[in-house]
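The file my_file-v9.cif contains mmCIF, C-alpha atoms:
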data_coords
#
loop_
_atom_site.group_PDB
_atom_site.id
_atom_site.type_symbol
_atom_site.label_atom_id
_atom_site.label_comp_id
_atom_site.auth_asym_id
_atom_site.auth_seq_id
_atom_site.Cartn_x
_atom_site.Cartn_y
_atom_site.Cartn_z
ATOM 1 C CA ASN A 991 -57.238 23.182 -12.635
ATOM 2 C CA ASN A 992 -60.637 24.297 -13.956
ATOM 3 C CA SER A 993 -59.314 24.720 -17.516
ATOM 4 C CA ASN A 994 -58.317 21.015 -17.677
ATOM 5 C CA LEU A 995 -54.727 22.092 -18.287
ATOM 6 C CA PRO A 996 -51.697 21.399 -16.097
ATOM 7 C CA SER A 997 -50.671 24.144 -13.685
ATOM 8 C CA ILE A 998 -47.289 25.851 -13.733
ATOM 9 C CA VAL A 999 -46.008 25.925 -10.158
ATOM 10 C CA ARG A 1000 -43.093 27.750 -8.553
ATOM 11 C CA LEU A 1001 -41.394 26.106 -5.575
ATOM 12 C CA SER A 1002 -38.341 27.053 -3.544
ATOM 13 C CA PRO A 1003 -36.279 24.033 -2.423
ATOM 14 C CA SER A 1004 -35.652 25.812 0.877
ATOM 15 C CA THR A 1005 -39.353 26.096 1.790
ATOM 16 C CA GLY A 1006 -41.059 23.395 -0.281
ATOM 17 C CA VAL A 1007 -44.214 25.513 -0.586
ATOM 18 C CA PRO A 1008 -45.756 25.268 -4.095
ATOM 19 C CA ILE A 1009 -47.201 28.491 -5.556
ATOM 20 C CA THR A 1010 -49.472 28.141 -8.601
ATOM 21 C CA LEU A 1011 -48.670 30.726 -11.298
ATOM 22 C CA ALA A 1012 -50.772 29.897 -14.383
ATOM 23 C CA ALA A 1013 -52.246 27.132 -16.490
ATOM 24 C CA GLY A 1014 -49.909 25.823 -19.168
ATOM 25 C CA PHE A 1015 -47.207 23.395 -20.282
ATOM 26 C CA ALA A 1016 -43.409 23.162 -20.387
ATOM 27 C CA PRO A 1017 -42.237 26.249 -18.432
ATOM 28 C CA ARG A 1018 -38.742 27.541 -19.177
ATOM 29 C CA VAL A 1019 -37.169 30.281 -17.050
ATOM 30 C CA SER A 1020 -35.245 33.072 -18.777
ATOM 31 C CA PRO A 1021 -31.480 33.306 -18.211
ATOM 32 C CA ASN A 1022 -31.883 36.448 -16.060
ATOM 33 C CA GLY A 1023 -34.469 34.734 -13.845
ATOM 34 C CA LYS A 1024 -37.199 37.314 -14.527
ATOM 35 C CA LYS A 1025 -39.498 35.638 -17.066
ATOM 36 C CA ILE A 1026 -41.056 32.267 -17.825
ATOM 37 C CA ALA A 1027 -41.885 31.161 -21.376
ATOM 38 C CA PHE A 1028 -44.488 28.415 -21.676
ATOM 39 C CA LEU A 1029 -47.061 26.792 -23.934
ATOM 40 C CA LYS A 1030 -50.823 26.749 -23.702
ATOM 41 C CA GLY A 1031 -53.353 24.710 -25.652
ATOM 42 C CA PRO A 1032 -55.017 21.286 -25.817
ATOM 43 C CA GLN A 1033 -52.902 18.211 -25.171
ATOM 44 C CA GLN A 1034 -51.737 16.358 -28.313
ATOM 45 C CA ALA A 1035 -52.190 19.532 -30.375
ATOM 46 C CA LEU A 1036 -50.215 22.578 -31.496
ATOM 47 C CA LYS A 1037 -49.988 25.296 -28.866
ATOM 48 C CA ASP A 1038 -49.519 29.049 -28.434
ATOM 49 C CA ILE A 1039 -46.448 30.618 -26.837
ATOM 50 C CA TYR A 1040 -46.872 32.743 -23.708
ATOM 51 C CA VAL A 1041 -44.559 34.586 -21.331
ATOM 52 C CA MET A 1042 -45.124 35.785 -17.775
ATOM 53 C CA ASP A 1043 -43.121 37.272 -14.927
ATOM 54 C CA ILE A 1044 -41.427 34.845 -12.536
ATOM 55 C CA ASP A 1045 -44.162 35.554 -9.972
ATOM 56 C CA GLY A 1046 -46.980 34.758 -12.447
ATOM 57 C CA ALA A 1047 -47.901 38.362 -13.263
ATOM 58 C CA ASN A 1048 -48.309 39.864 -16.747
ATOM 59 C CA VAL A 1049 -49.244 36.703 -18.646
ATOM 60 C CA THR A 1050 -48.870 37.607 -22.335
ATOM 61 C CA ARG A 1051 -49.724 35.589 -25.442
ATOM 62 C CA LEU A 1052 -47.010 35.958 -28.105
ATOM 63 C CA THR A 1053 -48.379 33.938 -31.035
ATOM 64 C CA SER A 1054 -51.554 34.642 -32.982
ATOM 65 C CA GLU A 1055 -52.443 30.997 -33.621
ATOM 66 C CA PRO A 1056 -51.418 27.587 -32.240
ATOM 67 C CA SER A 1057 -48.279 26.645 -34.133
ATOM 68 C CA THR A 1058 -45.687 24.957 -31.907
ATOM 69 C CA MET A 1059 -44.848 22.100 -29.561
ATOM 70 C CA ALA A 1060 -41.625 23.606 -28.118
ATOM 71 C CA VAL A 1061 -40.189 27.013 -27.105
ATOM 72 C CA ARG A 1062 -36.805 27.731 -25.496
ATOM 73 C CA TRP A 1063 -34.645 30.729 -24.534
ATOM 74 C CA LEU A 1064 -31.367 31.486 -26.264
ATOM 75 C CA PRO A 1065 -28.553 31.603 -23.695
ATOM 76 C CA ASP A 1066 -28.380 35.399 -23.398
ATOM 77 C CA GLY A 1067 -32.170 35.759 -23.194
ATOM 78 C CA SER A 1068 -32.316 37.969 -26.285
ATOM 79 C CA LYS A 1069 -34.513 35.592 -28.291
ATOM 80 C CA LEU A 1070 -36.955 32.735 -27.987
ATOM 81 C CA ALA A 1071 -36.399 29.760 -30.290
ATOM 82 C CA TYR A 1072 -39.336 27.595 -31.300
ATOM 83 C CA VAL A 1073 -40.442 25.053 -33.859
ATOM 84 C CA ARG A 1074 -43.288 26.376 -35.996
ATOM 85 C CA GLN A 1075 -45.482 23.692 -37.483
ATOM 86 C CA GLN A 1076 -48.656 23.356 -39.492
ATOM 87 C CA ALA A 1077 -51.567 21.250 -38.284
ATOM 88 C CA PRO A 1078 -51.651 18.412 -37.468
ATOM 89 C CA TYR A 1079 -49.214 18.550 -34.554
ATOM 90 C CA ASN A 1080 -47.067 15.757 -36.027
ATOM 91 C CA ALA A 1081 -46.319 17.574 -39.319
ATOM 92 C CA PRO A 1082 -42.696 18.644 -40.025
ATOM 93 C CA GLY A 1083 -41.883 22.261 -39.191
ATOM 94 C CA ASP A 1084 -39.329 25.076 -39.263
ATOM 95 C CA LEU A 1085 -37.015 26.582 -36.652
ATOM 96 C CA TRP A 1086 -37.973 30.185 -35.822
ATOM 97 C CA THR A 1087 -36.818 32.862 -33.387
ATOM 98 C CA MET A 1088 -38.535 35.954 -32.001
ATOM 99 C CA ASN A 1089 -37.964 38.630 -29.394
ATOM 100 C CA PRO A 1090 -39.255 37.907 -25.881
ATOM 101 C CA ASP A 1091 -42.118 40.368 -26.458
ATOM 102 C CA GLY A 1092 -43.251 38.448 -29.556
ATOM 103 C CA SER A 1093 -41.871 40.914 -32.092
ATOM 104 C CA ALA A 1094 -39.603 40.164 -35.061
ATOM 105 C CA PRO A 1095 -40.545 36.510 -35.703
ATOM 106 C CA THR A 1096 -37.885 35.148 -38.053
ATOM 107 C CA ARG A 1097 -37.667 31.832 -39.875
ATOM 108 C CA VAL A 1098 -34.207 30.272 -39.461
ATOM 109 C CA ARG A 1099 -34.538 27.068 -41.487
ATOM 110 C CA GLU A 1100 -36.427 23.833 -41.906
ATOM 111 C CA LEU A 1101 -36.043 21.490 -38.955
ATOM 112 C CA SER A 1102 -36.861 17.806 -39.151
ATOM 113 C CA ALA A 1103 -35.107 14.466 -39.225
ATOM 114 C CA ASN A 1104 -35.781 12.614 -42.466
ATOM 115 C CA GLY A 1105 -39.150 14.332 -42.729
ATOM 116 C CA VAL A 1106 -40.237 13.393 -39.190
ATOM 117 C CA ALA A 1107 -41.680 16.194 -37.045
ATOM 118 C CA VAL A 1108 -39.869 17.559 -33.993
ATOM 119 C CA GLY A 1109 -41.467 16.654 -30.686
ATOM 120 C CA THR A 1110 -39.313 18.722 -28.323
ATOM 121 C CA LEU A 1111 -36.420 21.173 -28.545
ATOM 122 C CA GLU A 1112 -33.691 22.056 -26.029
ATOM 123 C CA TRP A 1113 -31.137 24.841 -26.529
ATOM 124 C CA SER A 1114 -27.597 24.928 -25.168
ATOM 125 C CA PRO A 1115 -27.258 27.211 -22.126
ATOM 126 C CA VAL A 1116 -23.904 28.535 -23.395
ATOM 127 C CA SER A 1117 -24.050 28.493 -27.215
ATOM 128 C CA HIS A 1118 -26.268 30.371 -29.667
ATOM 129 C CA ASN A 1119 -25.748 27.619 -32.236
ATOM 130 C CA ASP A 1120 -25.991 24.270 -30.436
ATOM 131 C CA PHE A 1121 -29.294 22.583 -29.714
ATOM 132 C CA VAL A 1122 -30.812 19.127 -29.472
ATOM 133 C CA PHE A 1123 -34.257 17.870 -30.394
ATOM 134 C CA VAL A 1124 -36.316 14.715 -30.178
ATOM 135 C CA ASP A 1125 -38.413 13.782 -33.177
ATOM 136 C CA GLN A 1126 -41.831 12.175 -32.910
ATOM 137 C CA LEU A 1127 -40.268 8.749 -33.387
ATOM 138 C CA SER A 1128 -38.426 9.389 -30.064
ATOM 139 C CA THR A 1129 -34.936 9.734 -31.557
ATOM 140 C CA LEU A 1130 -32.572 12.252 -29.952
ATOM 141 C CA PHE A 1131 -30.579 14.446 -32.360
ATOM 142 C CA ALA A 1132 -27.903 17.116 -31.945
ATOM 143 C CA ASP A 1133 -27.735 20.013 -34.407
ATOM 144 C CA ASN A 1134 -25.877 23.276 -34.919
ATOM 145 C CA ASN A 1135 -27.065 26.431 -36.669
ATOM 146 C CA SER A 1136 -23.634 27.355 -38.020
ATOM 147 C CA ASN A 1137 -23.129 23.841 -39.421
ATOM 148 C CA PRO A 1138 -26.634 22.388 -39.928
ATOM 149 C CA GLY A 1139 -27.093 18.644 -39.910
ATOM 150 C CA ALA A 1140 -28.962 16.461 -37.428
ATOM 151 C CA ARG A 1141 -26.770 13.812 -35.748
ATOM 152 C CA SER A 1142 -28.523 10.918 -34.029
ATOM 153 C CA LEU A 1143 -27.469 10.399 -30.392
ATOM 154 C CA ASP A 1144 -29.928 7.793 -29.054
ATOM 155 C CA THR A 1145 -33.371 6.239 -29.512
ATOM 156 C CA HIS A 1146 -36.470 5.697 -27.325
ATOM 157 C CA VAL A 1147 -35.899 9.167 -25.835
ATOM 158 C CA ASN A 1148 -38.163 11.816 -24.320
ATOM 159 C CA ARG A 1149 -37.935 14.727 -21.872
ATOM 160 C CA VAL A 1150 -34.470 16.161 -22.415
ATOM 161 C CA SER A 1151 -32.443 18.807 -20.560
ATOM 162 C CA TRP A 1152 -28.927 20.270 -20.733
ATOM 163 C CA ALA A 1153 -26.389 20.354 -17.949
ATOM 164 C CA PRO A 1154 -25.727 24.029 -17.102
ATOM 165 C CA ASP A 1155 -22.164 23.843 -18.429
ATOM 166 C CA ALA A 1156 -23.561 22.375 -21.684
ATOM 167 C CA PRO A 1157 -21.434 19.342 -22.691
ATOM 168 C CA THR A 1158 -23.872 16.805 -21.187
ATOM 169 C CA ILE A 1159 -27.466 16.023 -22.172
ATOM 170 C CA LEU A 1160 -29.772 14.482 -19.561
ATOM 171 C CA TYR A 1161 -32.730 12.503 -20.891
ATOM 172 C CA ASN A 1162 -35.318 9.833 -20.194
ATOM 173 C CA ARG A 1163 -34.967 6.588 -22.127
ATOM 174 C CA GLU A 1164 -37.794 4.081 -22.356
ATOM 175 C CA ALA A 1165 -37.197 1.228 -19.945
ATOM 176 C CA ALA A 1166 -38.010 -2.443 -20.340
ATOM 177 C CA TYR A 1167 -41.708 -3.138 -19.852
ATOM 178 C CA THR A 1168 -42.915 -4.501 -16.534
ATOM 179 C CA PRO A 1169 -46.524 -4.712 -15.242
ATOM 180 C CA GLU A 1170 -45.565 -2.407 -12.375
ATOM 181 C CA THR A 1171 -44.016 0.284 -14.592
ATOM 182 C CA PRO A 1172 -45.611 -0.024 -18.056
ATOM 183 C CA LYS A 1173 -44.580 3.482 -19.178
ATOM 184 C CA ALA A 1174 -41.433 3.974 -17.146
ATOM 185 C CA ALA A 1175 -38.084 5.292 -18.328
ATOM 186 C CA ASP A 1176 -34.523 5.190 -17.056
ATOM 187 C CA LEU A 1177 -32.454 8.345 -16.676
ATOM 188 C CA TRP A 1178 -29.463 8.592 -19.036
ATOM 189 C CA GLN A 1179 -26.817 11.134 -19.971
ATOM 190 C CA ILE A 1180 -24.673 11.634 -23.065
ATOM 191 C CA GLY A 1181 -22.170 14.158 -24.384
ATOM 192 C CA VAL A 1182 -23.422 16.431 -27.146
ATOM 193 C CA ASP A 1183 -20.806 14.806 -29.393
ATOM 194 C CA GLY A 1184 -22.238 11.351 -28.616
ATOM 195 C CA SER A 1185 -19.533 10.386 -26.133
ATOM 196 C CA ASP A 1186 -19.795 9.151 -22.531
ATOM 197 C CA ARG A 1187 -23.271 7.676 -22.812
ATOM 198 C CA SER A 1188 -24.291 6.173 -19.462
ATOM 199 C CA GLN A 1189 -27.273 5.489 -17.240
ATOM 200 C CA VAL A 1190 -27.653 7.682 -14.157
ATOM 201 C CA PRO A 1191 -28.224 5.444 -11.109
ATOM 202 C CA LEU A 1192 -31.013 6.700 -8.879
ATOM 203 C CA SER A 1193 -31.399 5.998 -5.198
ATOM 204 C CA GLY A 1194 -34.727 4.623 -4.014
ATOM 205 C CA ILE A 1195 -36.996 1.654 -4.587
ATOM 206 C CA LYS A 1196 -37.982 2.549 -8.137
ATOM 207 C CA ASN A 1197 -35.106 3.280 -10.511
ATOM 208 C CA VAL A 1198 -37.439 4.963 -13.019
ATOM 209 C CA VAL A 1199 -38.235 8.511 -14.091
ATOM 210 C CA TRP A 1200 -41.631 10.001 -14.921
ATOM 211 C CA SER A 1201 -40.800 13.609 -15.762
ATOM 212 C CA ARG A 1202 -38.162 15.856 -17.277
ATOM 213 C CA ASN A 1203 -35.209 16.028 -14.886
ATOM 214 C CA ALA A 1204 -33.248 19.265 -14.726
ATOM 215 C CA ILE A 1205 -29.821 19.971 -13.228
ATOM 216 C CA SER A 1206 -29.476 22.975 -10.917
ATOM 217 C CA PRO A 1207 -27.558 26.020 -12.225
ATOM 218 C CA ASP A 1208 -24.617 25.280 -9.918
ATOM 219 C CA GLY A 1209 -24.490 21.659 -11.108
ATOM 220 C CA SER A 1210 -24.865 20.172 -7.637
ATOM 221 C CA ALA A 1211 -28.421 18.771 -7.777
ATOM 222 C CA MET A 1212 -31.192 17.695 -10.095
ATOM 223 C CA ALA A 1213 -34.947 17.793 -9.749
ATOM 224 C CA GLY A 1214 -37.717 15.698 -11.295
ATOM 225 C CA ARG A 1215 -40.342 13.102 -10.610
ATOM 226 C CA THR A 1216 -38.423 9.850 -10.266
ATOM 227 C CA SER A 1217 -40.979 7.334 -9.055
ATOM 228 C CA ILE A 1218 -44.617 6.372 -9.467
ATOM 229 C CA VAL A 1219 -45.302 8.343 -6.297
ATOM 230 C CA ALA A 1220 -46.661 11.779 -7.240
ATOM 231 C CA ALA A 1221 -43.795 13.800 -5.770
ATOM 232 C CA LEU A 1222 -41.097 16.123 -7.059
ATOM 233 C CA THR A 1223 -37.730 14.756 -5.931
ATOM 234 C CA LEU A 1224 -34.529 16.701 -5.360
ATOM 235 C CA ARG A 1225 -31.392 14.561 -5.638
ATOM 236 C CA ALA A 1226 -27.663 15.018 -5.775
ATOM 237 C CA ARG A 1227 -26.309 15.412 -9.326
ATOM 238 C CA ALA A 1228 -24.928 11.855 -9.287
ATOM 239 C CA GLY A 1229 -28.447 10.447 -8.758
ATOM 240 C CA SER A 1230 -28.174 9.893 -5.023
ATOM 241 C CA PRO A 1231 -28.678 10.599 -2.241
ATOM 242 C CA THR A 1232 -32.204 11.997 -2.200
ATOM 243 C CA ILE A 1233 -32.138 15.472 -0.671
ATOM 244 C CA ALA A 1234 -35.859 16.225 -0.396
ATOM 245 C CA THR A 1235 -39.285 15.390 -1.821
ATOM 246 C CA PHE A 1236 -42.173 17.788 -2.401
ATOM 247 C CA PRO A 1237 -45.923 17.103 -2.867
ATOM 248 C CA VAL A 1238 -46.034 18.151 -6.521
ATOM 249 C CA GLU A 1239 -46.883 15.839 -9.441
ATOM 250 C CA ALA A 1240 -44.305 17.136 -11.882
ATOM 251 C CA THR A 1241 -44.011 16.397 -15.608
ATOM 252 C CA GLN A 1242 -41.821 19.289 -16.827
ATOM 253 C CA VAL A 1243 -39.230 20.787 -14.468
ATOM 254 C CA ASP A 1244 -36.919 23.783 -14.849
ATOM 255 C CA TRP A 1245 -34.727 25.789 -12.467
ATOM 256 C CA ALA A 1246 -34.801 29.548 -12.045
ATOM 257 C CA ARG A 1247 -31.365 30.992 -12.707
ATOM 258 C CA VAL A 1248 -30.909 33.908 -10.342
ATOM 259 C CA PRO A 1249 -27.820 35.984 -11.279
ATOM 260 C CA LYS A 1250 -24.987 36.526 -8.823
ATOM 261 C CA ASN A 1251 -25.378 39.427 -6.389
ATOM 262 C CA CYS A 1252 -29.187 39.174 -6.627
ATOM 263 C CA HIS A 1253 -31.599 38.025 -3.959
ATOM 264 C CA ALA A 1254 -33.127 34.627 -4.764
ATOM 265 C CA THR A 1255 -36.114 35.319 -2.525
ATOM 266 C CA THR A 1256 -37.467 38.400 -4.301
ATOM 267 C CA PRO A 1257 -40.862 37.736 -5.922
ATOM 268 C CA GLN A 1258 -39.685 39.450 -9.114
ATOM 269 C CA GLY A 1259 -36.721 37.091 -9.558
ATOM 270 C CA GLY A 1260 -33.255 38.165 -10.582
ATOM 271 C CA GLY A 1261 -32.530 41.851 -10.967
ATOM 272 C CA GLY A 1262 -29.261 41.878 -12.923
ATOM 273 C CA ASP A 1263 -27.954 40.962 -16.352
#

Please rewrite the model in this file as structure tokens.
Amino acid sequence: NNSNLPSIVRLSPSTGVPITLAAGFAPRVSPNGKKIAFLKGPQQALKDIYVMDIDGANVTRLTSEPSTMAVRWLPDGSKLAYVRQQAPYNAPGDLWTMNPDGSAPTRVRELSANGVAVGTLEWSPVSHNDFVFVDQLSTLFADNNSNPGARSLDTHVNRVSWAPDAPTILYNREAAYTPETPKAADLWQIGVDGSDRSQVPLSGIKNVVWSRNAISPDGSAMAGRTSIVAALTLRARAGSPTIATFPVEATQVDWARVPKNCHATTPQGGGGD
């Protein structure tokens, strides 16, 4: 877009029509389906935290200065968790929470792995205590607020997501170099306890991933950019078959979680708790 930032786009799998909402990075939809938290700022630099309605209205800046590289919702939507850092962007930081309106920012504790800064953070969809993060050396760690201590799960990792029922972590792992795919990654999964680590086989010519892949709330499908072709791909949870492709060059993907007994097609998103 004209601001030289990526665009946050909303797309229904049933229609495939992309709707541009705002400029920014790393959108994450609230558990009630009404809000989107996201980051805004220069690439390779600390960013501010913003929220907006699911239809792109009421864009609100929550932080007073660029201070983070990651923001996520707690599972009940009552708080936003984020890593607050000091410049430069690769300096170690602290885990903080705040209310979705930006009030009551609270430091939880220091968060780093052997002094290495956190690159991305992902919170469990069912637990207030469990989360994973990737440091800026591309190592995946699991941690727990009630029993702090980072546990290494894998290396050469980026772009992580949780399965909706929480035991499984989905992530990109750097693949072997080839001239055709010099920056490609394979799609892997692992239990939060480090068990059941395996590669997810993908259907198609290129068995590589180029974006964060996210599993649908009902666990039946996953979405992400899984080839050099600039298209968002919807696949079955097992990795195949391909269900649909959409003309969107995706790097960070998330699903809206519309509550039961609510209409998925309303512009405002979910209407219940």

Report summary line: Judged by only C-alpha atoms, the minimum distance to Arg1247 in chain A among A:Ser1020, A:Thr1087, A:Ser1057, A:Asn1137 is found for A:Ser1020

Requested in this report: Pull out every residue that the PyMOL selection byres ((chain A and resi 1046) around 12) matches in the shown coordinates and put them as a count of residues only.
Outcome: 30

Requested in this report: For range 1240-1242 of chain A, please output as a list in words all residues within 10 Å (counting only C-alpha atoms; exclusion window: fewer than 5 positions along the same chain).
Outcome: Pro996, Ser997, Ile998, Val999, Phe1015, Ala1016, Pro1017, Arg1018, Arg1149, Val1150, Val1199, Trp1200, Ser1201, Arg1202, Asn1203, Ala1204, Ala1213, Gly1214, Arg1215, Thr1216, Ala1220, Ala1221, Leu1222 and Thr1223 of chain A

Query raised in the report: Residues at most 12 Å from Ala1103 in chain A, counting all atoms listed in the file, excluding those fewer than 2 positions away in the same chain, as a list of chain:residue names?
Result: A:Ala1081, A:Pro1082, A:Gly1083, A:Asp1084, A:Glu1100, A:Leu1101, A:Gly1105, A:Val1106, A:Ala1107, A:Val1108, A:Gly1109, A:Val1122, A:Phe1123, A:Val1124, A:Asp1125, A:Gln1126, A:Leu1127, A:Ser1128, A:Thr1129, A:Leu1130, A:Phe1131, A:Ala1132, A:Asp1133, A:Pro1138, A:Gly1139, A:Ala1140, A:Arg1141, A:Ser1142

Report task. Identify, on the basis of only C-alpha atoms, every residue whose closest approach to Ala1153 in chain A does not exceed 12 Å; exclude the query and any residue fewer than 4 positions from it along the same chain; express the result as a ChimeraX atom specification. Result -> /A:1112-1116,1157-1161,1179-1182,1203-1212,1227,1244-1245

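Considering the residues A:Thr1110, A:Gln1189, A:Ser1002, A:Thr1058 and counting only C-alpha atoms, Leu1224 in chain A has its shortest atom-to-atom contact with A:Ser1002.
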
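CA of Arg1051 in chain A to CA of Pro1090 in chain A spans 10.7 Å [interatomic distance, one decimal].
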
**Report entry** the PyMOL selection byres ((chain A and resi 1230) around 10) resolved against shown file, as a PyMOL selection string
**Finding:** chain A and resi 1190-1194+1211-1212+1224-1229+1231-1233
